[in-house]
Each structure stands twice: as structure tokens, then as C-alpha cells.
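A.B. asks: I am sharing final-v8.pdb, which consists of PDB, C-alpha atoms:
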```pdb
MODEL        1
ATOM      1  CA  MET A1367    -105.318 -66.176  73.420
ATOM      2  CA  GLY A1368    -104.242 -67.513  76.802
ATOM      3  CA  PRO A1369    -104.728 -67.039  80.542
ATOM      4  CA  SER A1370    -103.626 -63.884  82.332
ATOM      5  CA  GLY A1371     -99.858 -63.758  82.690
ATOM      6  CA  SER A1372     -99.212 -66.098  79.769
ATOM      7  CA  GLY A1373     -97.283 -63.506  77.750
ATOM      8  CA  LYS A1374     -99.858 -62.144  75.301
ATOM      9  CA  THR A1375     -99.458 -58.453  76.140
ATOM     10  CA  THR A1376     -95.679 -58.810  76.433
ATOM     11  CA  LEU A1377     -95.638 -60.171  72.878
ATOM     12  CA  LEU A1378     -97.721 -57.231  71.627
ATOM     13  CA  ASN A1379     -95.412 -54.781  73.389
ATOM     14  CA  ILE A1380     -92.370 -56.333  71.737
ATOM     15  CA  ILE A1381     -94.021 -56.432  68.312
ATOM     16  CA  GLY A1382     -95.060 -52.789  68.781
ATOM     17  CA  PHE A1383     -91.586 -51.646  69.899
ATOM     18  CA  LEU A1384     -92.901 -50.619  73.300
ATOM     19  CA  ASP A1385     -90.587 -53.141  74.976
ATOM     20  CA  SER A1386     -87.228 -54.510  73.891
ATOM     21  CA  PRO A1387     -86.638 -58.265  73.892
ATOM     22  CA  THR A1388     -84.094 -59.569  76.406
ATOM     23  CA  GLY A1389     -82.969 -62.215  73.920
ATOM     24  CA  GLY A1390     -83.575 -63.591  70.465
ATOM     25  CA  GLN A1391     -84.151 -61.651  67.268
ATOM     26  CA  TYR A1392     -87.037 -59.578  65.915
ATOM     27  CA  TYR A1393     -87.608 -59.363  62.176
ATOM     28  CA  LEU A1394     -90.106 -56.960  60.603
ATOM     29  CA  SER A1395     -90.544 -56.956  56.817
ATOM     30  CA  GLY A1396     -87.385 -59.007  56.477
ATOM     31  CA  LYS A1397     -85.215 -56.635  58.529
ATOM     32  CA  GLU A1398     -83.724 -57.374  61.934
ATOM     33  CA  PHE A1399     -84.823 -54.875  64.585
ATOM     34  CA  SER A1400     -83.821 -56.417  67.919
ATOM     35  CA  HIS A1401     -81.518 -53.617  69.092
ATOM     36  CA  LEU A1402     -82.838 -50.127  68.402
ATOM     37  CA  SER A1403     -82.624 -46.825  70.216
ATOM     38  CA  ARG A1404     -85.763 -45.345  71.759
ATOM     39  CA  THR A1405     -85.988 -42.808  68.919
ATOM     40  CA  GLU A1406     -85.647 -45.493  66.257
ATOM     41  CA  ARG A1407     -88.399 -47.560  67.892
ATOM     42  CA  ALA A1408     -90.685 -44.505  68.034
ATOM     43  CA  ASN A1409     -90.111 -43.776  64.338
ATOM     44  CA  ILE A1410     -91.043 -47.330  63.339
ATOM     45  CA  ARG A1411     -94.148 -47.253  65.554
ATOM     46  CA  ASN A1412     -95.259 -43.981  64.013
ATOM     47  CA  ARG A1413     -95.034 -45.192  60.423
ATOM     48  CA  GLN A1414     -95.696 -48.926  60.555
ATOM     49  CA  ILE A1415     -97.699 -49.903  63.637
ATOM     50  CA  SER A1416    -101.009 -48.671  65.045
ATOM     51  CA  PHE A1417    -102.469 -49.549  68.451
ATOM     52  CA  VAL A1418    -106.008 -50.095  69.736
ATOM     53  CA  PHE A1419    -106.071 -50.854  73.451
ATOM     54  CA  GLN A1420    -108.828 -51.645  75.905
ATOM     55  CA  GLY A1421    -108.204 -48.350  77.724
ATOM     56  CA  PHE A1422    -108.575 -46.353  74.467
ATOM     57  CA  ASN A1423    -105.822 -43.830  75.422
ATOM     58  CA  LEU A1424    -107.811 -40.839  74.170
ATOM     59  CA  LEU A1425    -106.901 -37.296  75.189
ATOM     60  CA  PRO A1426    -109.785 -36.175  77.470
ATOM     61  CA  ARG A1427    -109.849 -32.474  76.534
ATOM     62  CA  THR A1428    -109.539 -33.112  72.800
ATOM     63  CA  SER A1429    -112.281 -33.626  70.216
ATOM     64  CA  ALA A1430    -112.792 -36.957  68.471
ATOM     65  CA  LEU A1431    -111.487 -35.408  65.247
ATOM     66  CA  ASP A1432    -108.264 -34.205  66.863
ATOM     67  CA  ASN A1433    -107.788 -37.463  68.786
ATOM     68  CA  VAL A1434    -107.980 -39.364  65.514
ATOM     69  CA  GLY A1435    -105.541 -36.980  63.822
ATOM     70  CA  MET A1436    -102.955 -37.105  66.618
ATOM     71  CA  PRO A1437    -100.623 -39.738  65.052
ATOM     72  CA  LEU A1438    -100.621 -37.712  61.834
ATOM     73  CA  PHE A1439     -99.713 -34.592  63.805
ATOM     74  CA  TYR A1440     -96.621 -36.341  65.160
ATOM     75  CA  ARG A1441     -95.814 -37.475  61.624
ATOM     76  CA  GLY A1442     -95.814 -33.843  60.456
ATOM     77  CA  VAL A1443     -98.887 -34.105  58.228
ATOM     78  CA  PRO A1444    -100.310 -30.615  57.415
ATOM     79  CA  ALA A1445    -103.422 -29.628  59.386
ATOM     80  CA  ALA A1446    -105.890 -29.642  56.468
ATOM     81  CA  GLU A1447    -104.787 -33.078  55.273
ATOM     82  CA  ARG A1448    -104.778 -34.357  58.846
ATOM     83  CA  ARG A1449    -108.381 -33.249  59.443
ATOM     84  CA  GLU A1450    -109.554 -34.754  56.151
ATOM     85  CA  LYS A1451    -107.994 -38.130  56.926
ATOM     86  CA  ALA A1452    -109.485 -38.012  60.438
ATOM     87  CA  ARG A1453    -112.956 -37.214  59.036
ATOM     88  CA  ILE A1454    -112.757 -40.135  56.615
ATOM     89  CA  ALA A1455    -111.668 -42.478  59.408
ATOM     90  CA  LEU A1456    -114.479 -41.346  61.724
ATOM     91  CA  GLU A1457    -116.973 -41.879  58.924
ATOM     92  CA  ALA A1458    -115.590 -45.404  58.409
ATOM     93  CA  VAL A1459    -116.493 -46.291  62.015
ATOM     94  CA  GLY A1460    -119.880 -44.543  61.921
ATOM     95  CA  LEU A1461    -118.945 -41.460  63.957
ATOM     96  CA  ASP A1462    -118.990 -38.762  61.299
ATOM     97  CA  ARG A1463    -121.576 -36.813  63.341
ATOM     98  CA  ARG A1464    -119.494 -36.867  66.532
ATOM     99  CA  GLU A1465    -116.365 -35.087  65.274
ATOM    100  CA  THR A1466    -116.495 -32.335  67.905
ATOM    101  CA  ALA A1467    -117.421 -34.579  70.842
ATOM    102  CA  HIS A1468    -114.907 -35.085  73.648
ATOM    103  CA  PRO A1469    -114.351 -38.590  75.101
ATOM    104  CA  ASN A1470    -116.560 -37.903  78.155
ATOM    105  CA  GLN A1471    -119.432 -37.133  75.763
ATOM    106  CA  LEU A1472    -119.136 -40.524  74.069
ATOM    107  CA  SER A1473    -120.255 -43.995  75.125
ATOM    108  CA  ILE A1474    -117.655 -46.682  75.826
ATOM    109  CA  GLY A1475    -118.344 -48.224  72.412
ATOM    110  CA  GLN A1476    -117.996 -44.849  70.695
ATOM    111  CA  GLN A1477    -114.696 -44.198  72.465
ATOM    112  CA  GLN A1478    -113.416 -47.527  71.177
ATOM    113  CA  ARG A1479    -114.532 -46.549  67.675
ATOM    114  CA  VAL A1480    -112.541 -43.317  67.976
ATOM    115  CA  ALA A1481    -109.495 -45.372  68.977
ATOM    116  CA  ILE A1482    -110.011 -47.585  65.915
ATOM    117  CA  ALA A1483    -110.505 -44.530  63.685
ATOM    118  CA  ARG A1484    -107.179 -43.202  64.972
ATOM    119  CA  ALA A1485    -105.521 -46.439  63.842
ATOM    120  CA  ILE A1486    -107.283 -46.287  60.458
ATOM    121  CA  ALA A1487    -106.256 -42.658  59.874
ATOM    122  CA  ALA A1488    -102.616 -43.509  60.521
ATOM    123  CA  GLY A1489    -102.784 -45.943  57.607
ATOM    124  CA  ASN A1490    -100.096 -48.221  59.043
ATOM    125  CA  PRO A1491     -99.795 -51.774  57.684
ATOM    126  CA  ILE A1492     -99.933 -53.380  61.167
ATOM    127  CA  LEU A1493    -102.564 -52.883  63.865
ATOM    128  CA  LEU A1494    -102.126 -54.274  67.379
ATOM    129  CA  ALA A1495    -105.264 -54.635  69.508
ATOM    130  CA  ASP A1496    -105.127 -55.666  73.182
ATOM    131  CA  GLU A1497    -108.574 -56.791  74.400
ATOM    132  CA  PRO A1498    -110.329 -54.200  72.190
ATOM    133  CA  THR A1499    -113.798 -55.578  73.025
ATOM    134  CA  GLY A1500    -113.149 -56.267  76.717
ATOM    135  CA  ASN A1501    -115.393 -53.428  77.982
ATOM    136  CA  LEU A1502    -118.083 -53.761  75.341
ATOM    137  CA  ASP A1503    -121.453 -55.488  75.143
ATOM    138  CA  THR A1504    -122.073 -58.263  72.638
ATOM    139  CA  LYS A1505    -123.683 -56.081  69.954
ATOM    140  CA  THR A1506    -120.937 -53.440  70.094
ATOM    141  CA  SER A1507    -118.244 -56.141  70.133
ATOM    142  CA  ARG A1508    -119.693 -57.591  66.942
ATOM    143  CA  GLU A1509    -119.727 -54.151  65.308
ATOM    144  CA  ILE A1510    -116.105 -53.516  66.317
ATOM    145  CA  MET A1511    -115.002 -56.887  64.953
ATOM    146  CA  ASP A1512    -116.859 -56.209  61.694
ATOM    147  CA  ILE A1513    -114.821 -52.996  61.378
ATOM    148  CA  PHE A1514    -111.584 -54.916  61.964
ATOM    149  CA  THR A1515    -112.626 -57.528  59.391
ATOM    150  CA  ARG A1516    -113.326 -54.873  56.744
ATOM    151  CA  LEU A1517    -110.031 -53.150  57.526
ATOM    152  CA  ASN A1518    -108.168 -56.417  56.989
ATOM    153  CA  GLU A1519    -110.036 -57.458  53.866
ATOM    154  CA  GLU A1520    -110.274 -54.068  52.134
ATOM    155  CA  SER A1521    -106.967 -52.445  53.150
ATOM    156  CA  GLY A1522    -104.805 -55.508  53.738
ATOM    157  CA  THR A1523    -103.987 -54.364  57.266
ATOM    158  CA  THR A1524    -102.430 -57.098  59.404
ATOM    159  CA  ILE A1525    -104.320 -57.192  62.711
ATOM    160  CA  ILE A1526    -102.827 -58.923  65.749
ATOM    161  CA  LEU A1527    -105.472 -59.116  68.438
ATOM    162  CA  VAL A1528    -105.374 -60.364  72.029
ATOM    163  CA  THR A1529    -108.669 -61.593  73.459
ATOM    164  CA  HIS A1530    -110.152 -63.861  76.124
ATOM    165  CA  ASP A1531    -113.405 -64.117  74.141
ATOM    166  CA  GLU A1532    -113.795 -67.225  71.971
ATOM    167  CA  SER A1533    -116.466 -65.443  69.910
ATOM    168  CA  VAL A1534    -114.010 -62.671  69.054
ATOM    169  CA  ALA A1535    -111.304 -65.245  68.279
ATOM    170  CA  GLY A1536    -113.715 -66.799  65.793
ATOM    171  CA  TYR A1537    -113.180 -63.839  63.488
ATOM    172  CA  SER A1538    -109.504 -64.617  63.031
ATOM    173  CA  LYS A1539    -107.697 -66.367  60.218
ATOM    174  CA  ARG A1540    -105.060 -67.719  62.601
ATOM    175  CA  LEU A1541    -105.230 -68.606  66.282
ATOM    176  CA  ILE A1542    -102.212 -68.717  68.606
ATOM    177  CA  ARG A1543    -102.572 -69.828  72.227
ATOM    178  CA  PHE A1544    -100.064 -68.974  74.953
ATOM    179  CA  LEU A1545     -99.301 -70.686  78.247
ATOM    180  CA  ASP A1546     -96.531 -69.618  80.639
ATOM    181  CA  GLY A1547     -94.788 -67.518  78.012
ATOM    182  CA  ALA A1548     -94.746 -70.229  75.350
ATOM    183  CA  ILE A1549     -96.828 -70.902  72.250
ATOM    184  CA  VAL A1550     -98.790 -74.106  72.819
ATOM    185  CA  PHE A1551    -101.129 -73.902  69.805
ATOM    186  CA  ASP A1552    -100.783 -72.235  66.405
ATOM    187  CA  LYS A1553    -103.262 -72.980  63.647
ATOM    188  CA  ILE A1554    -104.639 -71.404  60.475
ATOM    189  CA  LEU A1555    -108.423 -71.392  60.819
ATOM    190  CA  GLU A1556    -110.763 -72.369  58.020
ATOM    191  CA  SER A1557    -113.972 -71.024  59.562
ATOM    192  CA  ARG A1558    -114.527 -67.301  59.948
ATOM    193  CA  LYS A1559    -117.167 -65.180  61.698
ATOM    194  CA  LYS A1560    -120.073 -66.758  59.789
ATOM    195  CA  GLN A1561    -119.875 -69.646  62.239
ATOM    196  CA  VAL A1562    -119.551 -67.453  65.333
ATOM    197  CA  VAL A1563    -122.544 -67.588  67.672
ATOM    198  CA  TYR A1564    -122.935 -64.789  70.210
ATOM    199  CA  GLY A1565    -124.587 -64.827  73.599
ATOM    200  CA  MET A1566    -123.665 -68.425  74.478
TER
ENDMDL
END
```
Now that the file is in, can you turn its structure into C-alpha cells?
C.D. replies:
Amino acid sequence: MGPSGSGKTTLLNIIGFLDSPTGGQYYLSGKEFSHLSRTERANIRNRQISFVFQGFNLLPRTSALDNVGMPLFYRGVPAAERREKARIALEAVGLDRRETAHPNQLSIGQQQRVAIARAIAAGNPILLADEPTGNLDTKTSREIMDIFTRLNEESGTTIILVTHDESVAGYSKRLIRFLDGAIVFDKILESRKKQVVYGM
């Protein structure tokens, strides 16, 4: 968490190998990855890191099923296996009946669910989410965060989430606050979403 311009998205971009750090070192799973080629960064992203962004980044002329299967396509997963994994992921987010729908046929909340299903289908151990509930109403935000919570608890996926919403932050196990590019607060939280009150 932190005000606009504090460095939250820059951190996500570095963690996700979208940007390269100008200094320092980056360790992932005990290995140093500060200086990689563009191809090497893309390979790590494809196999270790999934993204869920506020803008969804769905292909407009592509069905929900094929949008979800896209990372697997780039990984070279055979078509039948790709579709099966995409179906399972869409079912996990409650969209098993919208497989053939295109993004413009889905609500904002449903589009975000497709983006989350895409991350689930990839099966990567790390998921980065930049303001994933920013465009959503309170009820849909709660549903999205419940999906993230299940993904973390049932699959062990590490979720790093940027938010301005204190209610969303209440779901986390650890809270880090940024100010002017520096960490000013870093604490393991004891309370989880049971104590979160919406609509305040």
C-alpha cells in the first residue's frame, strides 16, 4: 500500500521481470536474477509468475476459454490439455457457463474473474495483482478476494497485491507500506478477513 507514485507498481514490475532494476540485486528462489536478457526474463515470467491487473489485459476478439488458455499456449501446452486446464480454472472462479463469451459480453467483475482464471490456469507459484479490485463494487471485490484467499490457502500460491483499499488489505498476511520509493512499514498481520468490515 502507499500513495500514488510511491513505488508500488515499480516494485511489481521488477518482481515480475517487466522492468530491470537500475541497482541492487534480485533473488528469486535463492537465485540471483538482476541481469537477464529479455528472453530470459520472458521465460521466467511464463513459468513462475502470473499477473492480474486492473485493466484485465484480455484479448477482445477471443473467448473466455481461449483468453484463459493463452499463457499455456505460449508454454507449448497441447490444445486439448490447454482447454481442460482453462475449463477447470473458469469453473474455479464461477464462470464455467461463460466459456464462449468474449470480453465485451462480460461484466467488469466477470472480466476480472477471467483474468484471475488465466493466472490460475498457468499454475505459477507467484501471482502479482495490481489494484485487482479497483474497478469493482464492494460485493464483487469481496468475491475476488475470497478467490485469492482460496488460491493462497489451497494451492500455496504466493500473492503480492497492490491496493489503496484498506478492506482489501485486511485479507493479507503481511502488509508493506511505501512512501517516496521506500518501505516505511512492514508487518506480519495476525487478523485476517474475518475482521474486515465492508461499506465503511
A.B. asks: Within 10 Å of Arg1449 (chain A), counting all atoms listed in the file, which residues qualify if same-chain residues fewer than 5 places away don't, as a list in words?
C.D. replies: Leu1431, Asp1432, Val1434, Gly1435, Met1436, Leu1438, Phe1439, Val1443, Pro1444, Ile1454, Ala1455 and Ala1487 of chain A
A.B. asks: Nearest residue to Thr1428 (chain A) out of A:Arg1404, A:His1468, A:Arg1484, A:Arg1540, using only C-alpha atoms?
C.D. replies: A:His1468
A.B. asks: So how far away is CA of Arg1427 (chain A) from CA of Ile1525 (chain A), in Å?
C.D. replies: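 Taking CA of Ile1525 (chain A) as the start and CA of Arg1427 (chain A) as the end point, the length is 28.9 Å.
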A.B. asks: So which residues get picked by the PyMOL selection byres ((chain A and resi 1419) around 7) here, written as a ChimeraX atom specification?
C.D. replies: /A:1417-1418,1420-1422,1495-1498
A.B. asks: For each of A:Ile1542, A:Met1367, A:Ala1445, A:Leu1394, take the minimum atom-to-atom distance to Gln1414 (chain A), counting all atoms listed in the file, then give the residue where this is smallest.
C.D. replies: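 Among the listed residues, the smallest separation from Gln1414 (chain A) belongs to A:Leu1394.
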A.B. asks: Can you list, as a list in words, the residues that the PyMOL selection byres ((chain A and resi 1543-1556) around 8) selects here?
C.D. replies: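 Residues picked by the PyMOL selection byres ((chain A and resi 1543-1556) around 8): Met1367, Gly1368, Pro1369, Gly1371, Ser1372, Gly1373, Lys1374, Ser1538, Lys1539, Arg1540, Leu1541, Ile1542, Ser1557 and Arg1558 of chain A.
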A.B. asks: Give me, as a list of chain:residue names, all polymer residues having an atom no more than 6 Å from Ala1485 (chain A), counting all atoms listed in the file and skipping those fewer than 3 positions away in the same chain.
C.D. replies: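 Residues meeting the cut-off are A:Ser1416, A:Ile1482, A:Ala1488.
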A.B. asks: Here's the selection I'm unsure about, the PyMOL selection byres ((chain A and resi 1530) around 10); applied to the file above, which residues does it give, as a PyMOL selection string?
C.D. replies: chain A and resi 1367-1370+1497+1499-1500+1528-1529+1531-1535
A.B. asks: Excluding Gln1477 (chain A) and its own-chain neighbours fewer than 6 positions away, which residues fall within 10 Å of it when counting only C-alpha atoms? Please give them as a list in words.
C.D. replies: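 Near Gln1477 (chain A), the qualifying residues are Gly1421, Phe1422, Asn1423, Leu1424, Ala1430, Leu1461, His1468, Pro1469, Asn1470, Gln1471 and Ala1483 of chain A.
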A.B. asks: Please write the residues from the selection above to a file, keeping C-alpha atoms, as a PDB file, keeping the file's coordinate frame.
C.D. replies:
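Saved as result_4.pdb:
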```
ATOM      1  CA  GLY A1421    -108.204 -48.350  77.724  1.00  0.00           C
ATOM      2  CA  PHE A1422    -108.575 -46.353  74.467  1.00  0.00           C
ATOM      3  CA  ASN A1423    -105.822 -43.830  75.422  1.00  0.00           C
ATOM      4  CA  LEU A1424    -107.811 -40.839  74.170  1.00  0.00           C
ATOM      5  CA  ALA A1430    -112.792 -36.957  68.471  1.00  0.00           C
ATOM      6  CA  LEU A1461    -118.945 -41.460  63.957  1.00  0.00           C
ATOM      7  CA  HIS A1468    -114.907 -35.085  73.648  1.00  0.00           C
ATOM      8  CA  PRO A1469    -114.351 -38.590  75.101  1.00  0.00           C
ATOM      9  CA  ASN A1470    -116.560 -37.903  78.155  1.00  0.00           C
ATOM     10  CA  GLN A1471    -119.432 -37.133  75.763  1.00  0.00           C
ATOM     11  CA  ALA A1483    -110.505 -44.530  63.685  1.00  0.00           C
TER      12      ALA A1483
END
```
A.B. asks: Hey, can you check how far CA of Ser1507 (chain A) sits from CA of Thr1466 (chain A)?
C.D. replies: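 Rounded to one decimal, the two atoms are 24.0 Å apart.
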A.B. asks: Given all atoms listed in the file as the basis, pick out the residue of A:Tyr1393, A:Tyr1440, A:Phe1383, A:Phe1514 nearest to Ile1486 (chain A).
C.D. replies: A:Phe1514
A.B. asks: Please determine an axis-aligned box that encloses all atoms of region 1476-1484 of chain A listed in the file, with 8 Å added on each side, and express its centre and edge lengths in Å to one decimal as JSON.
C.D. replies:
```
{"center_x": -112.6, "center_y": -45.4, "center_z": 68.1, "size_x": 26.8, "size_y": 20.4, "size_z": 24.8}
```
A.B. asks: Could I get region 1431-1456 of chain A from the block written as a compact mmCIF listing (two decimals), in the first residue's frame, with N, CA, C and O atoms?
C.D. replies:
```txt
# COMPACT_ATOMS: atom_id res chain seq x y z
N LEU A 1431 -12.55 -18.84 -22.66
CA LEU A 1431 -11.77 -20.08 -22.58
C LEU A 1431 -10.38 -19.89 -23.21
O LEU A 1431 -9.37 -20.28 -22.62
N ASP A 1432 -10.34 -19.27 -24.38
CA ASP A 1432 -9.05 -19.09 -25.05
C ASP A 1432 -8.20 -18.01 -24.38
O ASP A 1432 -6.97 -18.10 -24.38
N ASN A 1433 -8.83 -16.99 -23.80
CA ASN A 1433 -8.08 -16.00 -23.04
C ASN A 1433 -7.38 -16.65 -21.85
O ASN A 1433 -6.21 -16.38 -21.57
N VAL A 1434 -8.11 -17.53 -21.17
CA VAL A 1434 -7.54 -18.21 -20.00
C VAL A 1434 -6.40 -19.14 -20.41
O VAL A 1434 -5.39 -19.26 -19.71
N GLY A 1435 -6.53 -19.77 -21.57
CA GLY A 1435 -5.51 -20.72 -22.02
C GLY A 1435 -4.30 -20.09 -22.68
O GLY A 1435 -3.33 -20.79 -22.98
N MET A 1436 -4.32 -18.77 -22.88
CA MET A 1436 -3.25 -18.11 -23.63
C MET A 1436 -1.85 -18.34 -23.05
O MET A 1436 -0.91 -18.66 -23.80
N PRO A 1437 -1.62 -18.20 -21.74
CA PRO A 1437 -0.27 -18.46 -21.22
C PRO A 1437 0.21 -19.89 -21.49
O PRO A 1437 1.40 -20.12 -21.71
N LEU A 1438 -0.73 -20.82 -21.47
CA LEU A 1438 -0.38 -22.23 -21.73
C LEU A 1438 -0.04 -22.43 -23.21
O LEU A 1438 0.81 -23.26 -23.55
N PHE A 1439 -0.69 -21.66 -24.07
CA PHE A 1439 -0.36 -21.70 -25.50
C PHE A 1439 1.10 -21.31 -25.71
O PHE A 1439 1.85 -21.98 -26.42
N TYR A 1440 1.51 -20.21 -25.07
CA TYR A 1440 2.89 -19.75 -25.21
C TYR A 1440 3.88 -20.71 -24.56
O TYR A 1440 5.06 -20.71 -24.90
N ARG A 1441 3.40 -21.52 -23.65
CA ARG A 1441 4.26 -22.51 -22.99
C ARG A 1441 4.37 -23.78 -23.82
O ARG A 1441 5.15 -24.68 -23.51
N GLY A 1442 3.56 -23.89 -24.88
CA GLY A 1442 3.60 -25.06 -25.75
C GLY A 1442 2.74 -26.22 -25.28
O GLY A 1442 2.93 -27.36 -25.72
N VAL A 1443 1.78 -25.94 -24.40
CA VAL A 1443 0.89 -26.99 -23.91
C VAL A 1443 -0.07 -27.39 -25.03
O VAL A 1443 -0.65 -26.53 -25.69
N PRO A 1444 -0.26 -28.71 -25.28
CA PRO A 1444 -1.16 -29.16 -26.34
C PRO A 1444 -2.58 -28.61 -26.16
O PRO A 1444 -3.02 -28.38 -25.03
N ALA A 1445 -3.29 -28.44 -27.28
CA ALA A 1445 -4.59 -27.78 -27.27
C ALA A 1445 -5.60 -28.43 -26.33
O ALA A 1445 -6.29 -27.73 -25.58
N ALA A 1446 -5.71 -29.75 -26.35
CA ALA A 1446 -6.70 -30.44 -25.52
C ALA A 1446 -6.41 -30.22 -24.03
O ALA A 1446 -7.33 -29.92 -23.24
N GLU A 1447 -5.16 -30.33 -23.66
CA GLU A 1447 -4.78 -30.12 -22.25
C GLU A 1447 -4.99 -28.66 -21.86
O GLU A 1447 -5.44 -28.35 -20.75
N ARG A 1448 -4.68 -27.77 -22.79
CA ARG A 1448 -4.85 -26.33 -22.54
C ARG A 1448 -6.32 -26.00 -22.27
O ARG A 1448 -6.64 -25.29 -21.32
N ARG A 1449 -7.20 -26.53 -23.10
CA ARG A 1449 -8.64 -26.25 -22.92
C ARG A 1449 -9.16 -26.82 -21.61
O ARG A 1449 -9.98 -26.21 -20.93
N GLU A 1450 -8.69 -28.01 -21.24
CA GLU A 1450 -9.14 -28.64 -20.00
C GLU A 1450 -8.70 -27.82 -18.79
O GLU A 1450 -9.49 -27.58 -17.87
N LYS A 1451 -7.46 -27.37 -18.79
CA LYS A 1451 -6.98 -26.54 -17.68
C LYS A 1451 -7.74 -25.22 -17.63
O LYS A 1451 -8.06 -24.72 -16.54
N ALA A 1452 -8.05 -24.65 -18.78
CA ALA A 1452 -8.80 -23.39 -18.83
C ALA A 1452 -10.21 -23.59 -18.30
O ALA A 1452 -10.74 -22.75 -17.57
N ARG A 1453 -10.84 -24.71 -18.66
CA ARG A 1453 -12.20 -25.00 -18.16
C ARG A 1453 -12.21 -25.12 -16.65
O ARG A 1453 -13.10 -24.60 -15.96
N ILE A 1454 -11.23 -25.83 -16.10
CA ILE A 1454 -11.15 -26.02 -14.66
C ILE A 1454 -10.96 -24.67 -13.96
O ILE A 1454 -11.57 -24.39 -12.93
N ALA A 1455 -10.12 -23.81 -14.54
CA ALA A 1455 -9.86 -22.51 -13.95
C ALA A 1455 -11.10 -21.62 -14.00
O ALA A 1455 -11.41 -20.91 -13.03
N LEU A 1456 -11.83 -21.65 -15.12
CA LEU A 1456 -13.06 -20.86 -15.21
C LEU A 1456 -14.11 -21.36 -14.22
O LEU A 1456 -14.84 -20.56 -13.62
```
